[in-house]
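Below is query.pdb, which holds PDB, C-alpha atoms.
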ATOM      1  CA  MET A 198      90.151  99.418  93.261
ATOM      2  CA  VAL A 199      92.392  97.782  95.871
ATOM      3  CA  GLN A 200      94.871  95.439  94.178
ATOM      4  CA  ASN A 201      97.348  94.809  96.995
ATOM      5  CA  TYR A 202      97.297  94.663 100.795
ATOM      6  CA  VAL A 203     100.634  94.898 102.586
ATOM      7  CA  PHE A 204     101.789  94.527 106.206
ATOM      8  CA  PRO A 205     104.955  96.603 106.768
ATOM      9  CA  ALA A 206     107.064  95.570 109.758
ATOM     10  CA  THR A 207     108.297  99.105 110.532
ATOM     11  CA  VAL A 208     107.109 102.690 110.170
ATOM     12  CA  SER A 209     109.985 103.321 107.780
ATOM     13  CA  GLU A 210     108.789 100.504 105.557
ATOM     14  CA  ALA A 211     105.221 101.833 105.637
ATOM     15  CA  VAL A 212     106.375 105.292 104.555
ATOM     16  CA  THR A 213     108.477 103.779 101.779
ATOM     17  CA  VAL A 214     105.475 101.866 100.413
ATOM     18  CA  LEU A 215     103.431 105.078 100.388
ATOM     19  CA  SER A 216     106.207 106.959  98.607
ATOM     20  CA  THR A 217     106.785 104.225  96.037
ATOM     21  CA  ASN A 218     103.106 104.127  95.085
ATOM     22  CA  ARG A 219     102.880 107.905  94.617
ATOM     23  CA  GLY A 220      99.435 108.632  96.028
ATOM     24  CA  LYS A 221      97.880 105.287  95.109
ATOM     25  CA  ALA A 222      98.540 103.639  98.499
ATOM     26  CA  ARG A 223      96.712 104.485 101.718
ATOM     27  CA  ILE A 224      97.202 103.752 105.407
ATOM     28  CA  ILE A 225      94.744 101.453 107.171
ATOM     29  CA  ALA A 226      94.637 100.493 110.868
ATOM     30  CA  GLY A 227      91.153  99.676 112.207
ATOM     31  CA  GLY A 228      89.493 100.438 108.880
ATOM     32  CA  THR A 229      86.015 100.909 110.350
ATOM     33  CA  ASP A 230      85.494 104.121 108.350
ATOM     34  CA  LEU A 231      87.886 103.566 105.447
ATOM     35  CA  MET A 232      86.423 100.246 104.303
ATOM     36  CA  LEU A 233      82.962 101.798 104.043
ATOM     37  CA  GLU A 234      84.383 104.767 102.134
ATOM     38  CA  LEU A 235      86.130 102.459  99.677
ATOM     39  CA  GLN A 236      82.954 100.450  99.244
ATOM     40  CA  ASP A 237      80.909 103.588  98.574
ATOM     41  CA  GLY A 238      83.502 105.091  96.233
ATOM     42  CA  LYS A 239      84.252 108.037  98.519
ATOM     43  CA  ASN A 240      87.903 106.927  98.650
ATOM     44  CA  THR A 241      90.053 105.049  96.173
ATOM     45  CA  CYS A 242      93.468 103.408  96.283
ATOM     46  CA  ASP A 243      95.424 100.562  94.715
ATOM     47  CA  VAL A 244      97.319  99.508  97.849
ATOM     48  CA  LEU A 245      96.302  99.351 101.497
ATOM     49  CA  VAL A 246      99.168  99.654 103.977
ATOM     50  CA  ASP A 247      98.144  97.948 107.221
ATOM     51  CA  LEU A 248      99.916  99.213 110.383
ATOM     52  CA  THR A 249      98.716  96.509 112.735
ATOM     53  CA  GLN A 250     101.875  94.363 112.506
ATOM     54  CA  ILE A 251     104.196  97.194 113.608
ATOM     55  CA  ALA A 252     104.908  96.322 117.234
ATOM     56  CA  GLU A 253     105.730  99.838 118.466
ATOM     57  CA  LEU A 254     102.315 101.130 117.352
ATOM     58  CA  LYS A 255     100.298  98.712 119.484
ATOM     59  CA  ASN A 256     101.151 100.128 122.893
ATOM     60  CA  ILE A 257     100.171 102.804 125.419
ATOM     61  CA  THR A 258     103.256 103.951 127.305
ATOM     62  CA  GLU A 259     104.446 106.610 129.749
ATOM     63  CA  GLU A 260     107.591 108.279 128.443
ATOM     64  CA  ASN A 261     109.363 111.448 129.615
ATOM     65  CA  GLY A 262     106.297 112.925 131.268
ATOM     66  CA  PHE A 263     103.865 112.020 128.471
ATOM     67  CA  ILE A 264     101.294 109.323 127.806
ATOM     68  CA  ARG A 265     101.970 108.037 124.298
ATOM     69  CA  ILE A 266      99.369 106.107 122.275
ATOM     70  CA  GLY A 267     100.297 104.143 119.157
ATOM     71  CA  ALA A 268      98.414 104.174 115.872
ATOM     72  CA  SER A 269      97.063 100.632 116.302
ATOM     73  CA  VAL A 270      95.643 101.166 119.806
ATOM     74  CA  THR A 271      91.898 100.526 119.767
ATOM     75  CA  HIS A 272      89.133 102.227 121.712
ATOM     76  CA  ALA A 273      88.563  99.051 123.719
ATOM     77  CA  GLN A 274      92.250  98.861 124.627
ATOM     78  CA  ALA A 275      92.369 102.506 125.713
ATOM     79  CA  SER A 276      89.174 102.270 127.759
ATOM     80  CA  LYS A 277      90.755  99.559 129.945
ATOM     81  CA  SER A 278      94.322 100.876 130.100
ATOM     82  CA  GLU A 279      95.540 101.619 133.634
ATOM     83  CA  LEU A 280      97.604 104.528 132.308
ATOM     84  CA  ILE A 281      94.589 106.077 130.561
ATOM     85  CA  LEU A 282      92.295 105.513 133.525
ATOM     86  CA  LYS A 283      94.833 107.191 135.817
ATOM     87  CA  HIS A 284      95.983 110.095 133.646
ATOM     88  CA  ALA A 285      93.094 110.688 131.230
ATOM     89  CA  PRO A 286      89.738 109.414 132.492
ATOM     90  CA  ALA A 287      88.092 111.691 129.911
ATOM     91  CA  LEU A 288      89.600 109.568 127.148
ATOM     92  CA  ALA A 289      88.579 106.277 128.776
ATOM     93  CA  GLN A 290      85.018 107.590 129.167
ATOM     94  CA  ALA A 291      84.931 108.723 125.520
ATOM     95  CA  CYS A 292      86.296 105.440 124.198
ATOM     96  CA  ARG A 293      83.550 103.535 125.974
ATOM     97  CA  LYS A 294      80.975 105.568 124.016
ATOM     98  CA  VAL A 295      82.318 104.881 120.521
ATOM     99  CA  GLY A 296      79.995 102.848 118.288
ATOM    100  CA  SER A 297      79.340  99.210 119.161
ATOM    101  CA  LEU A 298      81.523  96.662 120.932
ATOM    102  CA  GLN A 299      82.728  95.412 117.547
ATOM    103  CA  ILE A 300      83.684  98.932 116.454
ATOM    104  CA  ARG A 301      85.510  99.597 119.734
ATOM    105  CA  ASN A 302      87.469  96.375 119.285
ATOM    106  CA  MET A 303      88.572  97.358 115.759
ATOM    107  CA  GLY A 304      88.527 101.161 115.556
ATOM    108  CA  THR A 305      91.627 103.080 116.615
ATOM    109  CA  ILE A 306      92.138 106.244 118.639
ATOM    110  CA  ILE A 307      94.207 107.880 115.910
ATOM    111  CA  GLY A 308      91.752 106.824 113.220
ATOM    112  CA  ASN A 309      89.089 108.681 115.217
ATOM    113  CA  ILE A 310      91.126 111.850 114.713
ATOM    114  CA  VAL A 311      92.270 111.336 111.129
ATOM    115  CA  THR A 312      88.691 110.913 109.867
ATOM    116  CA  GLY A 313      88.254 114.618 110.665
ATOM    117  CA  ASN A 314      84.792 114.225 112.178
ATOM    118  CA  PRO A 315      84.288 117.097 114.672
ATOM    119  CA  ALA A 316      82.088 114.931 116.918
ATOM    120  CA  ALA A 317      84.389 111.900 117.147
ATOM    121  CA  ASP A 318      84.361 110.916 120.822
ATOM    122  CA  ALA A 319      88.051 110.159 121.366
ATOM    123  CA  ALA A 320      89.102 113.292 119.504
ATOM    124  CA  VAL A 321      86.868 115.495 121.678
ATOM    125  CA  ALA A 322      88.390 113.986 124.812
ATOM    126  CA  LEU A 323      91.954 114.283 123.533
ATOM    127  CA  ALA A 324      91.376 117.941 122.683
ATOM    128  CA  CYS A 325      91.148 118.866 126.381
ATOM    129  CA  LEU A 326      94.391 117.011 127.184
ATOM    130  CA  GLU A 327      96.775 119.243 125.188
ATOM    131  CA  THR A 328      97.410 116.442 122.691
ATOM    132  CA  THR A 329      99.959 116.459 119.893
ATOM    133  CA  ALA A 330     100.449 113.968 117.065
ATOM    134  CA  GLU A 331     103.679 112.519 115.710
ATOM    135  CA  VAL A 332     103.475 112.524 111.906
ATOM    136  CA  THR A 333     106.054 110.658 109.830
ATOM    137  CA  THR A 334     106.834 111.096 106.130
ATOM    138  CA  GLN A 335     109.813 110.365 103.892
ATOM    139  CA  GLU A 336     111.315 113.650 105.126
ATOM    140  CA  GLY A 337     111.165 112.636 108.785
ATOM    141  CA  MET A 338     108.910 113.130 111.818
ATOM    142  CA  GLN A 339     107.167 116.301 112.963
ATOM    143  CA  SER A 340     104.823 117.105 115.833
ATOM    144  CA  MET A 341     101.410 118.593 115.142
ATOM    145  CA  PRO A 342      98.933 119.942 117.719
ATOM    146  CA  LEU A 343      95.628 118.095 117.535
ATOM    147  CA  GLU A 344      93.692 121.268 116.718
ATOM    148  CA  ASP A 345      95.839 121.760 113.602
ATOM    149  CA  MET A 346      94.790 118.385 112.180
ATOM    150  CA  TYR A 347      91.379 119.598 110.949
ATOM    151  CA  ALA A 348      90.999 121.172 107.504
ATOM    152  CA  GLY A 349      87.213 121.468 107.665
ATOM    153  CA  VAL A 350      84.145 119.506 108.719
ATOM    154  CA  CYS A 351      85.089 115.845 108.143
ATOM    155  CA  LEU A 352      88.272 116.980 106.381
ATOM    156  CA  SER A 353      91.707 116.127 107.759
ATOM    157  CA  CYS A 354      95.025 117.870 107.237
ATOM    158  CA  ILE A 355      96.604 114.414 107.254
ATOM    159  CA  ASP A 356      97.123 112.836 103.831
ATOM    160  CA  SER A 357      97.079 109.091 104.486
ATOM    161  CA  CYS A 358      98.617 108.522 101.053
ATOM    162  CA  CYS A 359     101.946 110.002 102.179
ATOM    163  CA  GLN A 360     101.787 110.601 105.956
ATOM    164  CA  VAL A 361     101.651 108.199 108.895
ATOM    165  CA  VAL A 362     100.378 109.419 112.270
ATOM    166  CA  THR A 363     102.363 107.016 114.413
ATOM    167  CA  HIS A 364     101.438 108.269 117.893
ATOM    168  CA  VAL A 365      99.508 110.871 119.825
ATOM    169  CA  LYS A 366     100.733 112.048 123.215
ATOM    170  CA  PHE A 367      99.657 114.292 126.071
ATOM    171  CA  PRO A 368     101.221 115.303 129.413
ATOM    172  CA  VAL A 369     100.751 113.030 132.405
ATOM    173  CA  LYS A 370      98.200 114.268 134.920
ATOM    174  CA  GLN A 371      99.659 116.285 137.780
ATOM    175  CA  LYS A 372      98.390 116.557 141.327
ATOM    176  CA  ASN A 373      95.130 118.534 141.577
ATOM    177  CA  GLN A 374      94.351 117.993 137.877
ATOM    178  CA  GLY A 375      91.373 116.071 136.522
ATOM    179  CA  SER A 376      89.436 115.418 133.338
ATOM    180  CA  ALA A 377      86.029 114.154 132.225
ATOM    181  CA  TYR A 378      83.915 113.555 129.116
ATOM    182  CA  LEU A 379      80.147 113.578 128.545
ATOM    183  CA  ARG A 380      77.954 113.125 125.508
ATOM    184  CA  MET A 381      74.248 113.508 124.754
ATOM    185  CA  GLU A 382      73.036 110.690 122.576
ATOM    186  CA  GLN A 383      70.215 108.669 121.151
ATOM    187  CA  ARG A 384      71.979 105.322 121.465
ATOM    188  CA  LYS A 385      69.498 103.281 119.412
ATOM    189  CA  ALA A 386      69.305 105.829 116.627
ATOM    190  CA  LEU A 387      72.624 107.607 116.333
ATOM    191  CA  ALA A 388      76.236 106.464 116.546
ATOM    192  CA  LEU A 389      77.683 109.975 116.783
ATOM    193  CA  PRO A 390      76.744 112.268 119.682
ATOM    194  CA  MET A 391      74.154 115.010 119.473
ATOM    195  CA  LEU A 392      76.462 116.967 121.776
ATOM    196  CA  ALA A 393      79.860 116.171 123.285
ATOM    197  CA  VAL A 394      81.843 118.032 125.930
ATOM    198  CA  SER A 395      85.183 117.371 127.600
ATOM    199  CA  ALA A 396      87.053 119.228 130.298
ATOM    200  CA  MET A 397      90.372 119.252 132.071
ATOM    201  CA  VAL A 398      90.908 121.380 135.153
ATOM    202  CA  ALA A 399      93.720 122.283 137.531
ATOM    203  CA  LEU A 400      92.763 123.305 141.053
ATOM    204  CA  ASP A 401      94.536 125.598 143.476
ATOM    205  CA  GLY A 402      92.793 124.869 146.733
ATOM    206  CA  ASP A 403      89.155 125.841 146.304
ATOM    207  CA  ARG A 404      89.768 127.774 143.081
ATOM    208  CA  PHE A 405      90.359 126.901 139.462
ATOM    209  CA  GLU A 406      93.949 127.513 138.422
ATOM    210  CA  TRP A 407      92.915 126.940 134.792
ATOM    211  CA  ALA A 408      90.449 124.898 132.767
ATOM    212  CA  ARG A 409      90.236 123.580 129.241
ATOM    213  CA  LEU A 410      86.656 123.108 128.057
ATOM    214  CA  ILE A 411      85.861 121.520 124.675
ATOM    215  CA  ILE A 412      82.504 121.390 122.880
ATOM    216  CA  ALA A 413      81.441 119.580 119.700
ATOM    217  CA  PRO A 414      80.160 119.398 117.026
ATOM    218  CA  VAL A 415      80.294 123.157 116.508
ATOM    219  CA  GLY A 416      82.776 123.533 113.648
ATOM    220  CA  ALA A 417      85.821 121.993 112.033
ATOM    221  CA  GLY A 418      87.091 119.836 114.868
ATOM    222  CA  PRO A 419      86.516 120.077 118.623
ATOM    223  CA  GLN A 420      86.322 123.713 119.765
ATOM    224  CA  HIS A 421      87.459 125.477 122.943
ATOM    225  CA  ALA A 422      84.802 127.352 124.892
ATOM    226  CA  LEU A 423      87.184 130.287 125.177
ATOM    227  CA  ASP A 424      85.020 132.680 127.184
ATOM    228  CA  ALA A 425      84.227 129.999 129.762
ATOM    229  CA  GLU A 426      87.896 129.025 130.017
ATOM    230  CA  GLU A 427      88.917 132.636 130.642
ATOM    231  CA  PHE A 428      86.174 133.084 133.245
ATOM    232  CA  LEU A 429      87.259 129.972 135.155
ATOM    233  CA  LYS A 430      90.849 131.159 135.694
ATOM    234  CA  GLY A 431      91.063 131.926 139.415
ATOM    235  CA  ALA A 432      87.318 131.491 139.940
ATOM    236  CA  PRO A 433      86.057 129.705 143.057
ATOM    237  CA  VAL A 434      84.944 126.096 142.680
ATOM    238  CA  SER A 435      81.248 126.558 143.336
ATOM    239  CA  ALA A 436      77.854 125.780 141.850
ATOM    240  CA  ALA A 437      77.481 129.407 140.785
ATOM    241  CA  THR A 438      80.810 129.327 138.946
ATOM    242  CA  LEU A 439      79.895 126.157 137.060
ATOM    243  CA  THR A 440      76.517 127.618 136.111
ATOM    244  CA  GLU A 441      78.120 130.783 134.741
ATOM    245  CA  ALA A 442      80.695 128.753 132.808
ATOM    246  CA  GLY A 443      77.859 126.779 131.240
ATOM    247  CA  GLN A 444      76.173 129.966 130.090
ATOM    248  CA  LEU A 445      79.418 131.386 128.702
ATOM    249  CA  ALA A 446      80.095 128.188 126.734
ATOM    250  CA  ARG A 447      77.193 129.177 124.491
ATOM    251  CA  ASN A 448      79.316 132.003 123.052
ATOM    252  CA  GLN A 449      81.390 129.525 121.033
ATOM    253  CA  ALA A 450      78.588 127.008 120.398
ATOM    254  CA  MET A 451      77.765 127.512 116.720
ATOM    255  CA  PHE A 452      75.418 124.542 116.379
ATOM    256  CA  ARG A 453      73.514 123.817 113.199
ATOM    257  CA  SER A 454      69.996 122.403 113.231
ATOM    258  CA  SER A 455      69.821 118.757 112.203
ATOM    259  CA  ALA A 456      66.880 116.402 111.721
ATOM    260  CA  ILE A 457      68.988 113.657 113.324
ATOM    261  CA  ARG A 458      71.061 115.459 115.966
ATOM    262  CA  GLY A 459      68.413 117.951 117.021
ATOM    263  CA  SER A 460      67.774 121.633 116.483
ATOM    264  CA  LYS A 461      70.282 124.371 117.181
ATOM    265  CA  GLU A 462      67.926 125.796 119.810
ATOM    266  CA  TYR A 463      67.572 122.488 121.657
ATOM    267  CA  ARG A 464      71.300 121.845 121.845
ATOM    268  CA  MET A 465      71.982 125.427 122.907
ATOM    269  CA  GLY A 466      69.435 124.900 125.657
ATOM    270  CA  VAL A 467      70.999 121.753 127.075
ATOM    271  CA  LEU A 468      74.667 122.738 126.590
ATOM    272  CA  PRO A 469      74.997 124.669 129.896
ATOM    273  CA  VAL A 470      73.816 121.629 131.864
ATOM    274  CA  PHE A 471      76.367 119.356 130.186
ATOM    275  CA  VAL A 472      79.129 121.889 130.776
ATOM    276  CA  GLU A 473      78.264 122.084 134.475
ATOM    277  CA  ARG A 474      78.246 118.300 134.736
ATOM    278  CA  VAL A 475      81.522 117.731 132.906
ATOM    279  CA  LEU A 476      83.285 120.408 134.958
ATOM    280  CA  GLN A 477      81.964 118.923 138.185
ATOM    281  CA  ALA A 478      83.194 115.479 137.119
ATOM    282  CA  ALA A 479      86.621 116.904 136.239
ATOM    283  CA  VAL A 480      86.786 118.650 139.628
ATOM    284  CA  GLU A 481      85.947 115.377 141.390
ATOM    285  CA  ASP A 482      88.708 113.628 139.441
ATOM    286  CA  ALA A 483      91.171 116.382 140.384
ATOM    287  CA  ARG A 484      90.328 116.049 144.065
ATOM    288  CA  LYS A 485      91.032 112.319 143.936
ATOM    289  CA  ALA A 486      94.557 112.902 142.598
TER     290      ALA A 486
END

Give the structure from this file in structure tokens form.
Amino acid sequence: MVQNYVFPATVSEAVTVLSTNRGKARIIAGGTDLMLELQDGKNTCDVLVDLTQIAELKNITEENGFIRIGASVTHAQASKSELILKHAPALAQACRKVGSLQIRNMGTIIGNIVTGNPAADAAVALACLETTAEVTTQEGMQSMPLEDMYAGVCLSCIDSCCQVVTHVKFPVKQKNQGSAYLRMEQRKALALPMLAVSAMVALDGDRFEWARLIIAPVGAGPQHALDAEEFLKGAPVSAATLTEAGQLARNQAMFRSSAIRGSKEYRMGVLPVFVERVLQAAVEDARKA
């Protein structure tokens, strides 16, 4: 049962509170998932450590060739950010799909990752951007690739009782690079997507230099469509190429049938179309750069 709610002024202070309470304190930022978990008894703690008063965690900045997003940045903030719209349209598109307006105004980008849900919109978009997280503990700060933050389906490698993910960052977009995000949804019936795909591409004239293609939910965290990515290296930018990439994406699409999200067979059937569309959108973004 929560007995205390504290607002540290610095990351160092937040980490100290966690350490002092020895596993009985927990980080909170937006709280849109955590408060429900506490209410349902899925999580417990004595102290909530709220990050929202730490100034450095509220901003989206460009630093040393990276876009850096603080732990208190919300989906609504990211969806309107000029830096995100310029360098990571996939993330802006994903953030606009998260929950309701109220959830987007409260929920945070980093919270979307730390929950460990493989279909979390912002996390799927960030996965195609070569994102890393900055994780701070009493011992100091370390960088962690986004894909290493998942311990299982809806399980995170981050322990919010002793670790603070202060920022995530990804490289700024270069010329002839582009990204995009798409989801299949039943908006009135389902908050999480039935299927989500993101892509980032680099073009060399009329050919793909490389592509990163992410699909979810197909496992513990967003997954690379490895065979499609390998096929796209050096391939011509054409309708036939996008169609083949869509077919190859099925090789890593280990969907499970769900009464809510749809059958495995249905999602396998529509996946190639979504892959074609997200790649085409990423190509269009790259050609605008």

Once the PyMOL selection byres ((chain A and resi 201) around 12) is applied to the coordinates I shared, what remains selected? I want it as an MDAnalysis selection string. chainID A and resid 198:200 202:204 214 218 221:223 242:247

Please evaluate the PyMOL selection byres ((chain A and resi 428) around 10) against the displayed coordinates and give the resulting residues as a short mmCIF file (atom, residue, chain, number, x, y, z; two decimals) with C-alpha atoms, in the coordinates of the input.
data_model
loop_
_atom_site.label_atom_id
_atom_site.label_comp_id
_atom_site.auth_asym_id
_atom_site.auth_seq_id
_atom_site.Cartn_x
_atom_site.Cartn_y
_atom_site.Cartn_z
CA PHE A 405 90.36 126.90 139.46
CA TRP A 407 92.92 126.94 134.79
CA ALA A 408 90.45 124.90 132.77
CA LEU A 423 87.18 130.29 125.18
CA ASP A 424 85.02 132.68 127.18
CA ALA A 425 84.23 130.00 129.76
CA GLU A 426 87.90 129.02 130.02
CA GLU A 427 88.92 132.64 130.64
CA LEU A 429 87.26 129.97 135.16
CA LYS A 430 90.85 131.16 135.69
CA GLY A 431 91.06 131.93 139.42
CA ALA A 432 87.32 131.49 139.94
CA THR A 438 80.81 129.33 138.95
CA GLU A 441 78.12 130.78 134.74
CA ALA A 442 80.69 128.75 132.81
CA LEU A 445 79.42 131.39 128.70
#

Using all atoms listed in the file, list the residues that have an atom at most 7 Å from (104.0, 104.6, 109.0), coordinates as in the file, as a count of residues only. 9

Using all atoms listed in the file, pick whichever of A:Tyr378, A:Phe367, A:Tyr347, A:Tyr463 has the shortest atom-to-atom distance to His284 of chain A.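 For His284 of chain A, the nearest of the given residues is A:Phe367.
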
Test item: the PyMOL selection byres ((chain A and resi 435) around 10) resolved as number ranges by chain: A: 403-405, 432-434, 436-440, 477

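Minimum distance to Thr328 of chain A across A:Leu389, A:Arg265, A:Gly313, A:Cys351 (counting all atoms listed in the file) occurs at A:Arg265.
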
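Atom CA of Gln449 of chain A lies 25.2 Å from atom CA of Glu481 of chain A.
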
May I have the residues within 6 Å of Ala399 of chain A as a PyMOL selection string, using only C-alpha atoms and disregarding those fewer than 6 positions away in the same chain? chain A and resi 373-374+406-407

Please list as a PyMOL selection string every residue within 8 Å of segment 254-262 of chain A, counting only C-alpha atoms and excluding residues in the same chain fewer than 4 positions away. chain A and resi 248-249+266-270+275+278+280+363-364+368-369

Skip Met391 of chain A itself and residues of its chain fewer than 6 positions away, then list as a count of residues only all residues within 12 Å of it, counting all atoms listed in the file. 30

For Ala289 of chain A, which of A:Val470, A:Val311, A:Ala396, A:Ala377 is the closest residue, counting all atoms listed in the file? A:Ala377

How many Å lie between atom CA of Ala417 of chain A and atom CA of Ala348 of chain A, rounded to one decimal? 6.9 Å

Measure the distance from atom CA of Asp356 of chain A to atom CA of Thr329 of chain A in Å and round it to one decimal.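 Going from atom CA of Asp356 of chain A over to atom CA of Thr329 of chain A covers 16.7 Å.
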
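In terms of minimum interatomic distance to Lys485 of chain A, A:Lys283 ranks closest within A:His421, A:Arg301, A:Lys283, A:Lys366, counting all atoms listed in the file.
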
For Gly416 of chain A, which of A:Glu336, A:Ala450, A:Ile281, A:Gly402 is the closest residue, counting all atoms listed in the file?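 So, comparing all the options, the nearest one is A:Ala450.
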
List the neighbours of Ala287 of chain A out to 12 Å using only C-alpha atoms; skip same-chain residues closer than 6 positions along the sequence, and give me the result as a PyMOL selection string. chain A and resi 275-276+281+293-294+318-326+370+374-380+393-398+410-411+475-476+478-479+482-483

Using all atoms listed in the file, which of the listed residues (A:Met346, A:Ile300, A:Leu282, A:Val480) sits closest to Asn314 of chain A?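 Distance minimum relative to Asn314 of chain A lands on A:Met346.
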